[in-house]
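Here the structure comes first, spelled out in structure tokens, and everything after it is commentary.
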Amino acid sequence: IPHAGEAVLLTAQIADDSGRVRSTRLTFSANEGEPAPLPLMRLSATLFAGELPGQPDGTLVRYCVTAEDEAGHVTTACGRYFAGITPIGVARAVDAWGAPRYEGAAVRVMGRVTVDSGTFNQTQTEIFIEDETGGVRIFELRSPLRIVRSGDRVVVTGRVKSFHGLLELDITNPLPVPPFPSPFGIRVLDHSDAEPIPRLARIADVGEALEGRLVRIEGVRIIQGAIPVSYTHLRA
């Protein structure tokens, strides 16, 4: 994911069974605006390259590469990412059906850890972080888990994902075979010993707006079961 204002070199491998690619094109849009064409240079028989212009923090970039062969068959591949640092609340946007608007988009966020690694998951990395706009679960399918402490201020790079209705940033390496380094991960900037302050809430308030947030509900009376409960029941 590029930093704010940083251009991205895009490369694409394009090949056809017939060996003849008649045309290629690259388009780019920012914040779901109208797509604009960009130059796509041919470097070899199958390798093409183009440059996506740098964008300010939090800008959603969508790009598409389209190829057409001599028979008129057209194939298009697209991708999305947020440039620079994006507010968690922006990455959490949902559509009219409650599904994540930016599922699969790569994003970088910055926030304070409110739940340590090892609290909910003893084998994989799972933490929760918050900024001024929202909170989100961070998950990585990796053993051993990363050690991240409550109070750490972190920069997290990952992909927006919905897991059983819970929105998360998945930082699992999409290129797990060595020697490919992961483009995703957690970087600790500093640490505060001050305890994270939970938001006061009522049971009636619990919903999408508070998902991923650290909350405190006072005056609760348990009428069935016990606290703590198994982790699978903590995904309210």
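How things are named: the first chain in the structure tokens is A, the next is B, and so on; residues count from 1 in each chain; ligands count from 1 in the order shown.
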Inset, instruction - Would you mind listing what lies within 10 Å of Leu189 of chain A as a PyMOL selection string, with only C-alpha atoms counted and same-chain residues fewer than 4 positions away left out? - result: chain A and resi 110-112+152-155
Write the residues of the preceding selection, restricted to N, CA, C and O atoms, as a compact mmCIF listing (two decimals), in the first residue's frame.
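Result went into again-v2.txt, see below:
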# COMPACT_ATOMS: atom_id res chain seq x y z
N MET A 110 -4.17 3.37 11.65
CA MET A 110 -3.34 3.63 12.83
C MET A 110 -4.26 3.78 14.04
O MET A 110 -5.30 4.45 13.95
N GLY A 111 -3.91 3.15 15.14
CA GLY A 111 -4.74 3.25 16.32
C GLY A 111 -4.05 2.70 17.55
O GLY A 111 -2.89 2.27 17.51
N ARG A 112 -4.78 2.70 18.66
CA ARG A 112 -4.28 2.23 19.95
C ARG A 112 -4.89 0.86 20.24
O ARG A 112 -6.09 0.65 20.06
N ASP A 152 -0.34 -0.19 23.14
CA ASP A 152 0.55 0.04 22.00
C ASP A 152 -0.17 0.89 20.95
O ASP A 152 -1.35 0.65 20.65
N ARG A 153 0.52 1.88 20.42
CA ARG A 153 0.01 2.60 19.24
C ARG A 153 0.64 1.96 18.02
O ARG A 153 1.87 1.86 17.94
N VAL A 154 -0.19 1.51 17.10
CA VAL A 154 0.28 0.67 16.00
C VAL A 154 -0.20 1.19 14.65
O VAL A 154 -1.21 1.89 14.55
N VAL A 155 0.56 0.85 13.63
CA VAL A 155 0.11 0.99 12.26
C VAL A 155 -0.11 -0.42 11.72
O VAL A 155 0.79 -1.26 11.81
Legend entry - Close residues, Val156 of chain A itself excluded, 12 Å, only C-alpha atoms, min 6 positions apart in chain, as a ChimeraX atom specification: /A:1,84-88,106-113,127-131,136-140,148,168-172,183-189
Legend entry - Point-to-point distance from atom CA of Arg92 of chain A to atom CA of Arg146 of chain A, Å rounded to tenths: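 Straight-line distance from atom CA of Arg92 of chain A to atom CA of Arg146 of chain A works out to 23.7 Å.
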Inset, instruction - Find the residue from A:Glu132, A:Glu103, A:Gly89, A:Arg25 that sits nearest to Ser162 of chain A; use only C-alpha atoms when measuring. - result: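 Closest candidate: A:Glu103.
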Inset, instruction - Could you give me the residues within segment 100-154 of chain A that DSSP places in strand (DSSP E or B), as a list of chain:residue names? - result: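 Result set for segment 100-154 of chain A (strand (DSSP E or B)): A:Pro100, A:Ala106, A:Val107, A:Arg108, A:Val109, A:Met110, A:Gly111, A:Arg112, A:Val113, A:Thr114, A:Val115, A:Thr125, A:Glu126, A:Ile127, A:Phe128, A:Ile129, A:Glu130, A:Asp131, A:Gly134, A:Gly135, A:Val136, A:Arg137, A:Ile138, A:Phe139, A:Glu140, A:Asp152, A:Arg153, A:Val154.
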Inset, instruction - Write out as a PyMOL selection string each polymer residue whose atoms come within 8 Å of Gly54 of chain A, counting only C-alpha atoms; drop sequence neighbours fewer than 2 positions from it. - result: chain A and resi 2+4-8+52+56+83
Give me a file of those residues, with N, CA, C and O atoms, as an mmCIF file, in the first residue's frame.
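Ended up saving to part-v6.cif:
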data_model
loop_
_atom_site.group_PDB
_atom_site.id
_atom_site.type_symbol
_atom_site.label_atom_id
_atom_site.label_comp_id
_atom_site.auth_asym_id
_atom_site.auth_seq_id
_atom_site.Cartn_x
_atom_site.Cartn_y
_atom_site.Cartn_z
ATOM 1 N N PRO A 2 0.653 2.172 -0.911
ATOM 2 C CA PRO A 2 1.509 3.356 -0.971
ATOM 3 C C PRO A 2 1.230 4.317 0.184
ATOM 4 O O PRO A 2 0.132 4.354 0.735
ATOM 5 N N ALA A 4 0.883 8.322 1.512
ATOM 6 C CA ALA A 4 0.198 9.467 0.915
ATOM 7 C C ALA A 4 1.101 10.139 -0.118
ATOM 8 O O ALA A 4 2.272 10.419 0.158
ATOM 9 N N GLY A 5 0.552 10.377 -1.311
ATOM 10 C CA GLY A 5 1.287 11.046 -2.371
ATOM 11 C C GLY A 5 2.250 10.167 -3.135
ATOM 12 O O GLY A 5 2.884 10.638 -4.096
ATOM 13 N N GLU A 6 2.374 8.906 -2.767
ATOM 14 C CA GLU A 6 3.335 8.003 -3.414
ATOM 15 C C GLU A 6 2.691 7.290 -4.606
ATOM 16 O O GLU A 6 1.616 6.696 -4.486
ATOM 17 N N ALA A 7 3.356 7.350 -5.765
ATOM 18 C CA ALA A 7 2.865 6.661 -6.952
ATOM 19 C C ALA A 7 3.106 5.157 -6.818
ATOM 20 O O ALA A 7 3.972 4.705 -6.066
ATOM 21 N N VAL A 8 2.323 4.376 -7.559
ATOM 22 C CA VAL A 8 2.424 2.917 -7.522
ATOM 23 C C VAL A 8 2.779 2.406 -8.915
ATOM 24 O O VAL A 8 2.103 2.746 -9.897
ATOM 25 N N LEU A 52 0.267 4.290 -11.297
ATOM 26 C CA LEU A 52 -0.922 4.892 -10.690
ATOM 27 C C LEU A 52 -0.471 6.118 -9.898
ATOM 28 O O LEU A 52 0.453 6.030 -9.087
ATOM 29 N N PRO A 56 -3.883 11.434 -1.695
ATOM 30 C CA PRO A 56 -3.846 11.812 -0.277
ATOM 31 C C PRO A 56 -4.280 10.655 0.630
ATOM 32 O O PRO A 56 -4.868 9.668 0.179
ATOM 33 N N ALA A 83 -5.007 4.721 -0.119
ATOM 34 C CA ALA A 83 -3.680 5.319 -0.039
ATOM 35 C C ALA A 83 -3.404 5.831 1.374
ATOM 36 O O ALA A 83 -4.317 6.275 2.079
#
